[in-house]
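Some notes on the structure that comes next.
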Amino acid sequence: MQDEPTIRIASLNLWGRFGSWERRLERLAERWPELGADLLLVQEACLDRHGDQLLDLGEALGLPERIAFYPHGCGEGVGVLSAHPLQEKRSRHLPGSGFPRVMVAVRLTRPFALEVIAAHLSFHPPADNAAQLEAVLEAARAASGPVVAGGDFNIAAGAVEAAAPDFEHALAGVAASWPVIELAELEAAWRERTGDGLPDDFDATPRRLDHLLGRGLASPKSGREIIEGFDHALVWADFKAPRA
């Protein structure tokens, strides 16, 4: 009997244009062939006077299919890049009281039928984060077949597991995904970009804020990759098609 088809899905917070985006993109492109992911869920992508980070990223990684959502009046967005055709592209705002947060959803037919949802949730206040997570989970539960939801959820693994016991937590056991650079480097990039130091209440405790959740399929393998210059690790997981 042949093995079930498998898809590898990765997620990465781009960290906008902090530090040197050109060098970071070059390092990621060098590592990408060995990662071999079919899809990349992207957060904190910039659309500004310098160009479209998602477009540049897709060209550099050889991922021609894309969906992007930059909220009106905001140059930071969420997207999905894919080696496979993307269908039924959808986007929506998530509930919240502050910086606009969004999710995008797409359907694939190759290598098997699958819906994918990518999102970036608020770090605070906690009530916004909880409402946004529930909105993403509701959308995933409404999918007609297998679904993967992921991205930078800005919430610890235990809280996600408690909110989503009916999902396969593909990154269970994967180490902290943020921050993966030294605090001094994080602060220097922040100061260069904003002209000020990190906020007084900034908490740089290492934790896993990035998640990949599956429903209706199994995830036999997952991991993380640290690409020099990014403040988040790239996380990835394999998902196997459900048995007929």
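Going through the structure tokens in order, the chains are called A, B, and so on, while each chain numbers its residues from 1 and the ligands are numbered from 1 in the order shown.
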
Enumerate, in order of chain and increasing residue number, the residues of range 43-152 of chain A with an atom no farther than 12 Å from range 167-179 of chain A, each with its shortest atom pair and distance in Å to one decimal, counting only C-alpha atoms, as CSV.
```
residue,atom,partner,partner_atom,distance
A:Leu137,CA,A:Phe167,CA,9.2
A:Glu138,CA,A:Phe167,CA,11.8
A:Ala140,CA,A:Phe167,CA,9.6
A:Arg141,CA,A:Phe167,CA,9.3
A:Pro146,CA,A:Phe167,CA,10.7
A:Val147,CA,A:Phe167,CA,9.5
A:Val148,CA,A:Phe167,CA,9.0
A:Ala149,CA,A:Phe167,CA,9.5
A:Gly150,CA,A:Ala170,CA,9.9
A:Gly151,CA,A:Ser177,CA,11.4
A:Asp152,CA,A:Ser177,CA,9.6
```

Enumerate as a JSON list (two decimals) with C-alpha atoms, in the first residue's frame all residues of range 25-192 of chain A assigned to strand (DSSP E or B) by DSSP on the backbone, naming them with the chain letters and numbers the document uses.
```json
[["chain", "number", "residue", "atom", "x", "y", "z"],
["A", 39, "LEU", "CA", 3.37, 26.26, 1.96],
["A", 40, "LEU", "CA", 4.62, 29.16, 4.03],
["A", 41, "LEU", "CA", 2.31, 31.08, 6.36],
["A", 42, "VAL", "CA", 3.65, 34.61, 6.78],
["A", 43, "GLN", "CA", 3.05, 37.28, 9.42],
["A", 44, "GLU", "CA", 4.34, 40.86, 9.83],
["A", 45, "ALA", "CA", 4.89, 41.33, 6.11],
["A", 46, "CYS", "CA", 5.26, 44.94, 4.95],
["A", 47, "LEU", "CA", 3.67, 46.73, 2.03],
["A", 48, "ASP", "CA", 5.34, 50.13, 1.90],
["A", 51, "GLY", "CA", 7.84, 47.32, -1.99],
["A", 52, "ASP", "CA", 5.81, 44.22, -1.12],
["A", 65, "GLU", "CA", 0.92, 31.20, -5.55],
["A", 66, "ARG", "CA", -0.06, 33.74, -2.91],
["A", 67, "ILE", "CA", -2.77, 35.40, -0.93],
["A", 68, "ALA", "CA", -2.05, 38.54, 1.08],
["A", 69, "PHE", "CA", -4.19, 40.76, 3.29],
["A", 76, "GLU", "CA", 1.59, 45.18, 7.92],
["A", 77, "GLY", "CA", -0.17, 42.04, 6.79],
["A", 78, "VAL", "CA", -0.61, 38.27, 6.74],
["A", 79, "GLY", "CA", -0.32, 35.89, 3.80],
["A", 80, "VAL", "CA", 0.16, 32.40, 2.43],
["A", 81, "LEU", "CA", 2.75, 31.48, -0.20],
["A", 82, "SER", "CA", 2.43, 28.14, -1.98],
["A", 87, "GLN", "CA", -8.34, 28.33, -4.48],
["A", 88, "GLU", "CA", -11.24, 30.02, -2.69],
["A", 89, "LYS", "CA", -9.06, 32.77, -1.26],
["A", 90, "ARG", "CA", -10.69, 34.61, 1.64],
["A", 91, "SER", "CA", -9.66, 37.18, 4.23],
["A", 92, "ARG", "CA", -11.25, 38.83, 7.25],
["A", 93, "HIS", "CA", -10.55, 41.07, 10.20],
["A", 102, "VAL", "CA", -6.46, 39.55, 10.35],
["A", 103, "MET", "CA", -6.63, 36.02, 9.01],
["A", 104, "VAL", "CA", -6.58, 34.57, 5.51],
["A", 105, "ALA", "CA", -7.94, 31.22, 4.34],
["A", 106, "VAL", "CA", -7.36, 29.19, 1.18],
["A", 107, "ARG", "CA", -8.27, 25.78, -0.21],
["A", 108, "LEU", "CA", -5.88, 23.38, -1.93],
["A", 114, "LEU", "CA", -7.11, 20.79, 2.44],
["A", 115, "GLU", "CA", -8.12, 24.18, 3.86],
["A", 116, "VAL", "CA", -5.39, 26.37, 5.35],
["A", 117, "ILE", "CA", -5.85, 29.35, 7.66],
["A", 118, "ALA", "CA", -3.07, 31.80, 8.55],
["A", 119, "ALA", "CA", -3.38, 34.44, 11.27],
["A", 120, "HIS", "CA", -1.48, 36.87, 13.45],
["A", 147, "VAL", "CA", -7.84, 21.93, 7.88],
["A", 148, "VAL", "CA", -4.58, 23.41, 9.16],
["A", 149, "ALA", "CA", -4.59, 26.69, 11.08],
["A", 150, "GLY", "CA", -1.41, 28.44, 12.11],
["A", 151, "GLY", "CA", 0.74, 31.48, 12.46],
["A", 152, "ASP", "CA", 1.99, 33.75, 15.21],
["A", 168, "GLU", "CA", -3.63, 18.00, 16.41],
["A", 169, "HIS", "CA", -1.01, 20.26, 18.00],
["A", 178, "TRP", "CA", 10.54, 33.68, 20.04]]
```

Please run DSSP on the backbone and report, as a count of residues only, all residues within range 51-195 of chain A that come out as alpha helix (DSSP H). 44

Long-range neighbours of Thr194 in chain A as a PyMOL selection string, 12 Å cut-off, only C-alpha atoms, 5 positions minimum in chain: chain A and resi 17-19+187-189+199

Take the residues from that selection and put them in a file with N, CA and C atoms, as a short mmCIF file (atom, residue, chain, number, x, y, z; two decimals), in the first residue's frame.
```
data_model
loop_
_atom_site.label_atom_id
_atom_site.label_comp_id
_atom_site.auth_asym_id
_atom_site.auth_seq_id
_atom_site.Cartn_x
_atom_site.Cartn_y
_atom_site.Cartn_z
N ARG A 17 10.54 45.06 8.41
CA ARG A 17 11.82 45.52 7.87
C ARG A 17 12.83 45.83 8.96
N PHE A 18 12.64 45.25 10.12
CA PHE A 18 13.63 45.40 11.18
C PHE A 18 14.95 44.77 10.74
N GLY A 19 16.06 45.34 11.19
CA GLY A 19 17.37 44.82 10.78
C GLY A 19 17.54 44.99 9.28
N GLU A 187 16.98 44.74 20.69
CA GLU A 187 16.85 46.14 21.08
C GLU A 187 17.48 47.08 20.06
N ALA A 188 18.64 46.69 19.52
CA ALA A 188 19.30 47.53 18.53
C ALA A 188 18.44 47.69 17.28
N ALA A 189 17.84 46.59 16.82
CA ALA A 189 16.98 46.67 15.64
C ALA A 189 15.74 47.50 15.93
N PRO A 199 9.99 49.00 25.03
CA PRO A 199 9.10 49.47 26.10
C PRO A 199 9.53 48.93 27.47
#
```

Check the smallest atom-to-atom distance from each of A:Glu161, A:Asp231, A:Pro242, A:Leu14 to Trp190 in chain A using only C-alpha atoms, then report the winner.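 Nearest to Trp190 in chain A: A:Asp231.
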